[in-house]
$ cat start_22.csv   # CSV, C-alpha atoms and all ligand atoms
chain,number,residue,atom,x,y,z
A,24,MET,CA,-24.3,-22.8,8.1
A,25,ALA,CA,-21.1,-21.3,9.3
A,26,GLU,CA,-18.2,-20.0,7.1
A,27,PHE,CA,-15.1,-22.2,7.4
A,28,THR,CA,-12.8,-19.9,9.5
A,29,ASN,CA,-15.8,-18.9,11.6
A,30,LEU,CA,-16.5,-22.6,12.2
A,31,VAL,CA,-13.0,-23.0,13.6
A,32,LYS,CA,-13.5,-20.0,15.9
A,33,ILE,CA,-16.9,-21.4,17.1
A,34,LEU,CA,-15.5,-24.9,17.8
A,35,LYS,CA,-12.4,-23.5,19.6
A,36,ALA,CA,-14.7,-21.4,21.8
A,37,ALA,CA,-16.9,-24.3,22.7
A,38,GLY,CA,-14.0,-26.8,23.0
A,39,GLU,CA,-12.9,-26.0,26.5
A,40,VAL,CA,-14.1,-27.5,29.8
A,41,THR,CA,-15.4,-24.4,31.6
A,42,ARG,CA,-17.0,-23.0,28.4
A,43,LEU,CA,-18.7,-26.3,27.6
A,44,ARG,CA,-20.1,-26.4,31.2
A,45,LEU,CA,-21.3,-22.8,30.6
A,46,LEU,CA,-23.1,-23.9,27.4
A,47,ALA,CA,-24.7,-26.9,29.1
A,48,LEU,CA,-25.9,-24.6,32.0
A,49,LEU,CA,-27.3,-22.0,29.6
A,50,GLY,CA,-29.2,-24.8,27.8
A,51,ALA,CA,-31.7,-24.5,30.8
A,52,GLY,CA,-32.4,-20.8,30.0
A,53,GLU,CA,-31.0,-17.4,30.7
A,54,LEU,CA,-28.6,-16.9,33.7
A,55,SER,CA,-26.7,-14.0,35.3
A,56,VAL,CA,-22.9,-13.9,35.5
A,57,LYS,CA,-23.4,-13.8,39.3
A,58,ASP,CA,-25.3,-17.2,39.3
A,59,LEU,CA,-22.9,-18.7,36.8
A,60,THR,CA,-19.9,-17.6,38.9
A,61,ASP,CA,-21.5,-19.2,42.0
A,62,ILE,CA,-22.2,-22.5,40.2
A,63,LEU,CA,-18.7,-22.8,38.7
A,64,GLY,CA,-16.9,-21.7,41.8
A,65,GLN,CA,-14.5,-19.6,39.8
A,66,SER,CA,-13.7,-15.9,40.0
A,67,GLN,CA,-16.1,-13.5,38.3
A,68,PRO,CA,-13.4,-12.0,36.0
A,69,ARG,CA,-12.5,-15.5,34.9
A,70,VAL,CA,-16.1,-16.6,34.2
A,71,SER,CA,-16.7,-13.3,32.3
A,72,ARG,CA,-13.6,-13.9,30.2
A,73,HIS,CA,-15.0,-17.3,29.1
A,74,LEU,CA,-18.4,-15.8,28.4
A,75,LYS,CA,-16.8,-13.1,26.3
A,76,LEU,CA,-15.2,-15.7,24.1
A,77,LEU,CA,-18.5,-17.6,23.7
A,78,SER,CA,-20.2,-14.3,22.9
A,79,GLU,CA,-17.5,-13.4,20.3
A,80,ALA,CA,-18.0,-16.7,18.7
A,81,GLY,CA,-21.8,-16.1,18.5
A,82,LEU,CA,-22.7,-19.0,20.8
A,83,VAL,CA,-24.3,-16.9,23.5
A,84,THR,CA,-25.9,-13.4,23.7
A,85,ARG,CA,-25.3,-10.9,26.4
A,86,HIS,CA,-27.9,-8.6,28.0
A,87,ALA,CA,-26.7,-6.0,30.6
A,88,GLU,CA,-29.0,-4.7,33.3
A,89,GLY,CA,-27.3,-2.2,35.6
A,90,ALA,CA,-24.7,-4.0,37.6
A,91,TRP,CA,-25.9,-7.4,36.4
A,92,VAL,CA,-25.2,-9.1,33.1
A,93,PHE,CA,-27.4,-12.0,31.7
A,94,TYR,CA,-26.4,-14.6,29.1
A,95,ARG,CA,-28.4,-17.0,27.1
A,96,LEU,CA,-27.7,-19.4,24.2
A,97,ALA,CA,-27.9,-17.6,20.8
A,98,ASP,CA,-31.3,-18.2,19.3
A,99,ARG,CA,-30.6,-16.7,15.9
A,100,GLY,CA,-27.7,-16.8,13.5
A,101,GLU,CA,-25.3,-19.4,12.2
A,102,THR,CA,-24.6,-21.1,15.6
A,103,ARG,CA,-28.3,-22.0,16.3
A,104,GLU,CA,-28.2,-25.4,14.6
A,105,LEU,CA,-24.8,-26.2,15.9
A,106,LEU,CA,-25.9,-25.4,19.5
A,107,ALA,CA,-29.0,-27.6,19.1
A,108,ALA,CA,-26.7,-30.5,18.0
A,109,LEU,CA,-24.3,-29.8,20.9
A,110,MET,CA,-27.1,-29.8,23.5
A,111,ALA,CA,-28.2,-33.2,22.3
A,112,GLN,CA,-24.8,-34.6,23.1
A,113,PHE,CA,-24.9,-33.8,26.8
A,114,ASP,CA,-25.5,-36.8,29.0
A,115,ASP,CA,-28.0,-36.2,31.7
A,116,GLU,CA,-26.1,-38.7,34.0
A,117,ASP,CA,-22.7,-37.3,33.4
A,118,GLU,CA,-21.3,-36.3,36.9
A,119,VAL,CA,-20.1,-32.8,35.8
A,120,ILE,CA,-23.5,-32.1,34.2
A,121,VAL,CA,-25.4,-33.5,37.3
A,122,ALA,CA,-23.2,-31.5,39.8
A,123,ASP,CA,-23.7,-28.2,37.8
A,124,ARG,CA,-27.5,-28.8,37.5
A,125,ASN,CA,-27.7,-29.5,41.2
A,126,ALA,CA,-25.9,-26.3,42.0
A,127,LEU,CA,-28.2,-24.4,39.6
A,128,ALA,CA,-31.2,-25.9,41.3
A,129,LYS,CA,-30.0,-24.6,44.7
A,130,ILE,CA,-29.4,-21.1,43.4
A,131,GLN,CA,-32.9,-21.1,41.8
A,132,ALA,CA,-34.5,-22.2,45.1
A,133,ALA,CA,-32.7,-19.3,46.8
A,134,ASN,CA,-33.8,-16.8,44.1
A,135,GLN,CA,-37.4,-18.1,44.4
A,136,GLN,CA,-37.3,-17.6,48.2
A,137,GLN,CA,-36.1,-14.0,47.6
A,138,ALA,CA,-38.9,-13.4,45.1
A,139,ASP,CA,-41.5,-15.0,47.5
A,140,ALA,CA,-40.3,-12.6,50.3
A,141,TYR,CA,-41.0,-9.7,48.0
A,142,PHE,CA,-44.3,-11.0,47.0
A,143,SER,CA,-45.5,-11.6,50.6
A,144,LYS,CA,-44.7,-7.8,51.2
A,145,VAL,CA,-46.9,-6.6,48.3
A,146,ALA,CA,-49.6,-9.3,48.6
A,147,PRO,CA,-52.1,-7.3,50.7
A,148,SER,CA,-52.6,-4.5,48.0
A,149,TRP,CA,-52.7,-7.0,45.2
A,150,ASP,CA,-55.4,-9.0,46.8
A,151,ASP,CA,-57.5,-5.9,47.4
A,152,LEU,CA,-57.4,-5.1,43.7
A,153,ARG,CA,-58.0,-8.7,42.6
A,154,LYS,CA,-61.3,-8.7,44.5
A,155,LEU,CA,-62.5,-6.1,42.1
A,156,HIS,CA,-61.7,-8.1,39.0
A,157,VAL,CA,-63.8,-10.8,37.4
A,158,ALA,CA,-62.7,-14.3,38.3
A,159,GLU,CA,-59.1,-14.5,36.9
A,160,SER,CA,-59.8,-17.9,35.4
A,161,ALA,CA,-62.7,-16.5,33.2
A,162,VAL,CA,-60.5,-13.8,31.8
A,163,GLU,CA,-57.6,-16.2,31.2
A,164,ALA,CA,-59.9,-18.7,29.5
A,165,ALA,CA,-61.0,-15.8,27.2
A,166,ILE,CA,-57.4,-14.8,26.5
A,167,LEU,CA,-56.6,-18.4,25.4
A,168,ARG,CA,-59.7,-18.5,23.2
A,169,MET,CA,-59.0,-15.1,21.6
A,170,VAL,CA,-55.4,-15.9,20.9
A,171,GLY,CA,-56.5,-19.2,19.3
A,172,ASN,CA,-54.5,-22.3,18.4
A,173,GLU,CA,-52.5,-20.8,15.6
A,174,LYS,CA,-48.7,-21.1,16.5
A,175,ILE,CA,-47.2,-17.7,17.5
A,176,GLY,CA,-43.5,-17.3,16.5
A,177,ARG,CA,-42.5,-14.4,18.7
A,178,LEU,CA,-44.5,-13.0,21.6
A,179,LEU,CA,-43.8,-9.8,23.4
A,180,ASP,CA,-45.4,-9.2,26.8
A,181,PHE,CA,-45.4,-5.5,27.5
A,182,GLY,CA,-45.4,-4.8,31.3
A,183,THR,CA,-45.0,-8.5,32.0
A,184,GLY,CA,-45.1,-8.0,35.8
A,185,THR,CA,-44.7,-11.5,37.3
A,186,GLY,CA,-44.8,-13.1,33.8
A,187,ARG,CA,-48.2,-14.6,34.2
A,188,MET,CA,-49.1,-14.1,30.5
A,189,LEU,CA,-45.8,-15.8,29.4
A,190,GLU,CA,-46.7,-18.7,31.6
A,191,LEU,CA,-50.3,-18.9,30.5
A,192,LEU,CA,-49.4,-18.9,26.8
A,193,LYS,CA,-46.2,-21.0,27.0
A,194,ASP,CA,-47.5,-23.6,24.6
A,195,ASN,CA,-48.7,-21.1,22.0
A,196,TYR,CA,-45.4,-19.4,21.2
A,197,ASP,CA,-41.9,-20.4,20.0
A,198,PHE,CA,-40.2,-17.6,21.8
A,199,GLY,CA,-41.6,-15.1,24.4
A,200,VAL,CA,-40.1,-11.9,25.7
A,201,GLY,CA,-41.5,-10.1,28.8
A,202,ILE,CA,-40.5,-6.5,29.4
A,203,ASP,CA,-41.0,-4.6,32.6
A,204,SER,CA,-39.5,-1.6,34.3
A,205,SER,CA,-39.7,-2.9,37.8
A,206,ALA,CA,-36.6,-4.9,39.0
A,207,GLU,CA,-38.7,-6.5,41.7
A,208,MET,CA,-41.4,-7.7,39.3
A,209,ILE,CA,-38.9,-9.2,36.8
A,210,ALA,CA,-37.1,-11.0,39.6
A,211,VAL,CA,-40.4,-12.8,40.4
A,212,ALA,CA,-41.0,-13.4,36.6
A,213,ARG,CA,-37.6,-14.9,36.1
A,214,ALA,CA,-38.1,-17.2,39.1
A,215,LYS,CA,-41.5,-18.2,37.6
A,216,MET,CA,-39.9,-19.0,34.2
A,217,SER,CA,-37.2,-21.0,35.9
A,218,ALA,CA,-39.6,-22.9,38.2
A,219,GLY,CA,-42.1,-23.5,35.4
A,220,LYS,CA,-39.3,-24.8,33.1
A,221,ILE,CA,-40.1,-22.2,30.4
A,222,PRO,CA,-36.6,-21.7,28.8
A,223,HIS,CA,-38.2,-20.3,25.6
A,224,ALA,CA,-39.2,-17.1,27.5
A,225,GLN,CA,-36.8,-14.3,28.3
A,226,ILE,CA,-37.5,-11.5,30.9
A,227,LYS,CA,-36.0,-8.1,30.3
A,228,LEU,CA,-35.8,-5.0,32.4
A,229,GLY,CA,-36.9,-2.2,30.1
A,230,ASP,CA,-39.3,0.7,29.3
A,231,ILE,CA,-42.1,-0.2,26.9
A,232,LEU,CA,-42.1,3.4,25.7
A,233,ALA,CA,-38.5,3.0,24.5
A,234,ILE,CA,-38.2,-0.6,23.3
A,235,GLU,CA,-34.6,-1.4,22.3
A,236,PRO,CA,-34.2,-1.0,18.5
A,237,ASP,CA,-32.6,-4.4,18.2
A,238,GLU,CA,-35.7,-6.1,19.7
A,239,PRO,CA,-37.1,-8.2,16.8
A,240,ASP,CA,-40.6,-7.5,15.6
A,241,ALA,CA,-43.3,-9.8,17.2
A,242,ASP,CA,-46.2,-11.8,15.9
A,243,LEU,CA,-48.3,-11.1,19.0
A,244,ILE,CA,-47.9,-8.3,21.7
A,245,ILE,CA,-49.8,-8.6,24.9
A,246,LEU,CA,-50.8,-5.5,27.0
A,247,HIS,CA,-52.4,-7.2,30.1
A,248,GLN,CA,-53.5,-4.6,32.7
A,249,VAL,CA,-50.9,-2.2,31.7
A,250,LEU,CA,-52.4,0.7,29.7
A,251,HIS,CA,-54.3,2.3,32.7
A,252,PHE,CA,-51.0,3.1,34.3
A,253,PHE,CA,-50.2,5.6,31.6
A,254,ALA,CA,-51.6,9.0,31.1
A,255,ASP,CA,-51.4,8.5,27.3
A,256,PRO,CA,-52.0,4.8,26.5
A,257,GLY,CA,-52.2,5.6,22.8
A,258,ARG,CA,-48.4,6.1,22.8
A,259,ILE,CA,-48.0,2.5,24.0
A,260,LEU,CA,-50.3,1.3,21.2
A,261,ILE,CA,-48.1,3.1,18.7
A,262,GLU,CA,-45.0,1.6,20.1
A,263,ALA,CA,-46.7,-1.8,20.0
A,264,GLY,CA,-47.8,-1.3,16.4
A,265,GLN,CA,-44.2,-0.4,15.4
A,266,LYS,CA,-42.8,-3.6,17.0
A,267,LEU,CA,-45.2,-5.9,15.1
A,268,VAL,CA,-44.8,-7.7,11.9
A,269,THR,CA,-47.4,-6.9,9.2
A,270,GLY,CA,-50.4,-9.1,10.0
A,271,GLY,CA,-49.2,-9.4,13.6
A,272,ARG,CA,-51.7,-8.9,16.5
A,273,VAL,CA,-52.0,-6.9,19.7
A,274,LEU,CA,-54.1,-8.2,22.6
A,275,VAL,CA,-55.1,-5.6,25.1
A,276,VAL,CA,-56.7,-6.6,28.4
A,277,ASP,CA,-57.9,-3.6,30.5
A,278,PHE,CA,-60.7,-2.1,32.5
A,279,ALA,CA,-63.9,-0.6,31.0
A,280,PRO,CA,-64.5,2.9,32.2
A,281,HIS,CA,-65.2,3.0,36.0
A,282,ASN,CA,-65.3,5.6,38.8
A,283,LEU,CA,-63.1,4.0,41.4
A,284,GLU,CA,-61.2,7.2,41.9
A,285,PHE,CA,-59.3,5.7,44.9
A,286,LEU,CA,-57.4,3.5,42.4
A,287,ARG,CA,-55.5,6.6,41.3
A,288,GLU,CA,-54.3,7.4,44.8
A,289,HIS,CA,-53.7,3.9,46.1
A,290,ASN,CA,-52.9,1.9,43.0
A,291,ALA,CA,-51.1,4.4,40.8
A,292,HIS,CA,-53.8,4.2,38.0
A,293,GLN,CA,-53.7,7.1,35.7
A,294,ARG,CA,-56.8,6.2,33.6
A,295,LEU,CA,-60.0,5.0,35.2
A,296,GLY,CA,-60.7,2.4,32.5
A,297,ILE,CA,-60.8,2.8,28.7
A,298,SER,CA,-63.9,3.2,26.6
A,299,GLU,CA,-64.4,1.3,23.3
A,300,ASP,CA,-64.5,4.6,21.3
A,301,ILE,CA,-61.2,5.9,22.7
A,302,MET,CA,-59.4,2.6,22.3
A,303,GLN,CA,-60.6,2.5,18.7
A,304,ALA,CA,-59.3,6.0,18.0
A,305,TRP,CA,-55.8,5.2,19.5
A,306,ALA,CA,-55.7,1.9,17.6
A,307,SER,CA,-56.5,3.6,14.2
A,308,VAL,CA,-53.6,6.1,14.8
A,309,ALA,CA,-51.4,3.1,15.5
A,310,GLY,CA,-52.4,1.4,12.3
A,311,LEU,CA,-54.3,-1.4,14.1
A,312,ARG,CA,-57.6,-2.8,13.1
A,313,LEU,CA,-60.1,-4.3,15.7
A,314,GLU,CA,-60.8,-8.0,15.1
A,315,LYS,CA,-62.5,-9.0,18.3
A,316,PHE,CA,-63.9,-7.5,21.5
A,317,GLU,CA,-65.2,-9.2,24.6
A,318,SER,CA,-66.0,-8.0,28.1
A,319,TYR,CA,-66.4,-9.7,31.5
A,320,ALA,CA,-68.2,-8.2,34.5
A,321,ASN,CA,-67.6,-9.3,38.0
A,322,ASP,CA,-71.0,-10.7,39.1
A,323,ASN,CA,-69.8,-11.2,42.7
A,324,GLN,CA,-69.1,-7.6,43.5
A,325,ALA,CA,-71.5,-4.7,43.2
A,326,ASP,CA,-68.8,-2.1,42.4
A,327,GLY,CA,-66.5,-4.6,40.6
A,328,LEU,CA,-64.6,-3.7,37.5
A,329,VAL,CA,-65.4,-4.9,34.0
A,330,VAL,CA,-62.5,-6.4,32.2
A,331,CYS,CA,-62.3,-5.9,28.4
A,332,LEU,CA,-60.3,-7.8,25.8
A,333,TRP,CA,-59.5,-6.1,22.5
A,334,LEU,CA,-57.7,-8.1,19.7
A,335,PHE,CA,-56.2,-5.9,17.0
A,336,THR,CA,-54.4,-6.7,13.7
A,337,LYS,CA,-51.7,-4.6,12.1
A,338,ASN,CA,-52.6,-4.5,8.4
A,339,GLN,CA,-50.2,-1.7,7.3
A,340,GLU,CA,-47.1,0.3,8.3
A,341,ARG,CA,-47.9,3.6,9.9
A,342,THR,CA,-47.4,6.5,7.6
B,1,LIG,C1,-50.6,-4.4,37.0
B,1,LIG,S1,-49.0,-4.8,36.4
B,1,LIG,C2,-49.5,-6.0,35.2
B,1,LIG,C3,-48.5,-7.1,35.0
B,1,LIG,C4,-48.9,-8.2,34.1
B,1,LIG,N1,-49.1,-7.7,32.7
B,1,LIG,C5,-50.1,-8.9,34.6
B,1,LIG,O1,-51.2,-8.6,34.2
B,1,LIG,O2,-49.9,-9.8,35.5
B,1,LIG,C6,-48.4,-3.5,35.4
B,1,LIG,C7,-46.9,-3.7,35.1
B,1,LIG,O3,-46.5,-2.7,34.2
B,1,LIG,C8,-45.1,-2.3,34.5
B,1,LIG,N2,-44.8,-1.0,34.0
B,1,LIG,C9,-45.2,0.2,34.3
B,1,LIG,N3,-44.6,1.1,33.6
B,1,LIG,C10,-43.8,0.5,32.7
B,1,LIG,C11,-42.9,0.9,31.7
B,1,LIG,N4,-42.8,2.2,31.4
B,1,LIG,N5,-42.2,0.0,31.0
B,1,LIG,C12,-42.3,-1.3,31.3
B,1,LIG,N6,-43.1,-1.8,32.3
B,1,LIG,C13,-43.9,-0.9,33.0
B,1,LIG,C14,-45.2,-2.4,36.1
B,1,LIG,O4,-43.9,-2.5,36.6
B,1,LIG,C15,-46.1,-3.6,36.3
B,1,LIG,O5,-45.3,-4.7,36.5
$ encode --input "start_22.csv" --output "structure tokens"
Amino acid sequence: MAEFTNLVKILKAAGEVTRLRLLALLGAGELSVKDLTDILGQSQPRVSRHLKLLSEAGLVTRHAEGAWVFYRLADRGETRELLAALMAQFDDEDEVIVADRNALAKIQAANQQQADAYFSKVAPSWDDLRKLHVAESAVEAAILRMVGNEKIGRLLDFGTGTGRMLELLKDNYDFGVGIDSSAEMIAVARAKMSAGKIPHAQIKLGDILAIEPDEPDADLIILHQVLHFFADPGRILIEAGQKLVTGGRVLVVDFAPHNLEFLREHNAHQRLGISEDIMQAWASVAGLRLEKFESYANDNQADGLVVCLWLFTKNQERT
């Protein structure tokens, strides 16, 4: 519930044509100032001024990434309920809403094309690596089984890449955040969230070794094929442990120890798989207790990699 003078400020911020259009557009998910500017056909400083007012009223939140700034509807705080009520008032057949949504769809298609072009460039090396895995569908089925049916409030996907985990688990969480340090990967992930109509997932450019302090603690953290890119994966587990609520879980999916040395040179792997013992040691330093472990071998490939799933629970704060 908002305090009286704040309520006036919030209603004044929302009560203007361009700003109401901005709120309606952001109802579809996170958008950059660049895209919003293109859709509204107004100058960037003008659009930014409107967004600043919405942000000051607590109606939207801002997330800067280099030269680009992203906005999304506030998902916490006193304006949350008010925004939900406002979104319910928008008429899907209203000509302003329809025109803005059509313009948004055009921009999304252009963004998707750009992402596809990037993907077609990297596709050859990805496919080589995929052939070494167990069938993706078997591992994904195991992930869904391990995570279970219990509703997850907040999910953090560390090293989200193209956002596949956020897509796979979209019905399991209330709000998902994918973090990745590669601008190309997150462009693809954003396009995927948009195309898949997953507005309750947010993609952020960031370093999983230095998670923003204001990132709220999660109920589940996923580390899917990420740890072997680090010389010291234990640091990532510590970081993950610190970003979990007590009782929260970490799901690690990674390779069992292997000797495919060429993966270091050609695919930037630092670790050639992770043994159960070493993982256990890192986890206990991070204050995580092993709940479940499963492994999947690739039956179709003699030198195929074994994929392991570890599910941990945080039962205490690290001392
Ligand atoms: C093999 S991909 C896995 C992507 C995704 N988890 C999946 O399984 O589809 C590893 C990802 O980790 C990301 N990454 C590497 N170092 C990172 C860091 N320090 N912070 C955030 N992401 C990082 C890479 O950009 C890449 O997208």
$ residues_near_ligand --input "start_22.csv" --ligand "ligand LIG 1 (chain B)" --cutoff "8 Å" --atoms "only C-alpha atoms and all ligand atoms" --output "MDAnalysis selection string"
chainID A and resid 180:188 202:205 208:209 228:232 245:249 252:253
$ residues_around --input "start_22.csv" --residues "stretch 255-262 of chain A" --least-positions-apart "5" --cutoff "7 Å" --atoms "all atoms listed in the file" --output "PDB file with C-alpha atoms, keeping the file's coordinate frame"
ATOM      1  CA  LEU A 232     -42.100   3.400  25.700  1.00  0.00           C
ATOM      2  CA  LEU A 250     -52.400   0.700  29.700  1.00  0.00           C
ATOM      3  CA  TRP A 305     -55.800   5.200  19.500  1.00  0.00           C
ATOM      4  CA  ALA A 306     -55.700   1.900  17.600  1.00  0.00           C
ATOM      5  CA  ALA A 309     -51.400   3.100  15.500  1.00  0.00           C
TER       6      ALA A 309
END
$ residues_around --input "start_22.csv" --residues "A:Ala279" --least-positions-apart "3" --cutoff "12 Å" --atoms "all atoms listed in the file" --output "ChimeraX atom specification"
/A:156,248,250-251,275-276,282-283,294-302,316-321,327-333
$ atom_distance --input "start_22.csv" --atom1 "atom CA of A:Lys32" --atom2 "atom CA of A:Arg85"
18.2 Å
$ residues_around --input "start_22.csv" --residues "stretch 310-312 of chain A" --least-positions-apart "6" --cutoff "12 Å" --atoms "all atoms listed in the file" --output "PyMOL selection string"
chain A and resi 257+260-275+302-304+333-342
$ atom_distance --input "start_22.csv" --atom1 "atom CA of A:Glu238" --atom2 "atom CA of A:Lys35"
29.1 Å
$ residues_around --input "start_22.csv" --residues "stretch 113-116 of chain A" --least-positions-apart "5" --cutoff "12 Å" --atoms "all atoms listed in the file" --output "list in words"
Leu43, Arg44, Leu46, Ala47, Leu48, Gly50, Leu106, Ala107, Ala108, Val121, Ala122, Asp123, Arg124 and Asn125 of chain A
$ atom_distance --input "start_22.csv" --atom1 "atom CA of A:Lys227" --atom2 "atom CA of A:Gly201"
6.0 Å
$ residues_around --input "start_22.csv" --residues "A:Gly171" --least-positions-apart "6" --cutoff "12 Å" --atoms "only C-alpha atoms" --output "PDB file with C-alpha atoms, in the coordinates of the input"
ATOM      1  CA  ALA A 164     -59.900 -18.700  29.500  1.00  0.00           C
ATOM      2  CA  ALA A 165     -61.000 -15.800  27.200  1.00  0.00           C
ATOM      3  CA  LEU A 192     -49.400 -18.900  26.800  1.00  0.00           C
ATOM      4  CA  ASP A 194     -47.500 -23.600  24.600  1.00  0.00           C
ATOM      5  CA  ASN A 195     -48.700 -21.100  22.000  1.00  0.00           C
ATOM      6  CA  TYR A 196     -45.400 -19.400  21.200  1.00  0.00           C
ATOM      7  CA  LEU A 243     -48.300 -11.100  19.000  1.00  0.00           C
ATOM      8  CA  ARG A 272     -51.700  -8.900  16.500  1.00  0.00           C
ATOM      9  CA  LEU A 274     -54.100  -8.200  22.600  1.00  0.00           C
ATOM     10  CA  LYS A 315     -62.500  -9.000  18.300  1.00  0.00           C
ATOM     11  CA  LEU A 334     -57.700  -8.100  19.700  1.00  0.00           C
TER      12      LEU A 334
END
$ residues_near_point --input "start_22.csv" --point "(-17.7, -12.4, 12.0)" --cutoff "12 Å" --atoms "only C-alpha atoms" --output "ChimeraX atom specification"
/A:25-33,78-81,100-102
$ residues_near_point --input "start_22.csv" --point "(-24.7, -23.6, 38.2)" --cutoff "9 Å" --atoms "all atoms listed in the file" --output "compact mmCIF listing (two decimals) with C-alpha atoms, keeping the file's coordinate frame"
# COMPACT_ATOMS: atom_id res chain seq x y z
CA ARG A 44 -20.10 -26.40 31.20
CA LEU A 45 -21.30 -22.80 30.60
CA LEU A 48 -25.90 -24.60 32.00
CA LEU A 54 -28.60 -16.90 33.70
CA ASP A 58 -25.30 -17.20 39.30
CA LEU A 59 -22.90 -18.70 36.80
CA THR A 60 -19.90 -17.60 38.90
CA ASP A 61 -21.50 -19.20 42.00
CA ILE A 62 -22.20 -22.50 40.20
CA LEU A 63 -18.70 -22.80 38.70
CA GLY A 64 -16.90 -21.70 41.80
CA ALA A 122 -23.20 -31.50 39.80
CA ASP A 123 -23.70 -28.20 37.80
CA ARG A 124 -27.50 -28.80 37.50
CA ASN A 125 -27.70 -29.50 41.20
CA ALA A 126 -25.90 -26.30 42.00
CA LEU A 127 -28.20 -24.40 39.60
CA ALA A 128 -31.20 -25.90 41.30
CA LYS A 129 -30.00 -24.60 44.70
CA ILE A 130 -29.40 -21.10 43.40
$ closest_residue --input "start_22.csv" --among "A:Lys174, A:Lys193, A:Lys57, A:His281" --to "A:Lys215" --atoms "only C-alpha atoms"
A:Lys193
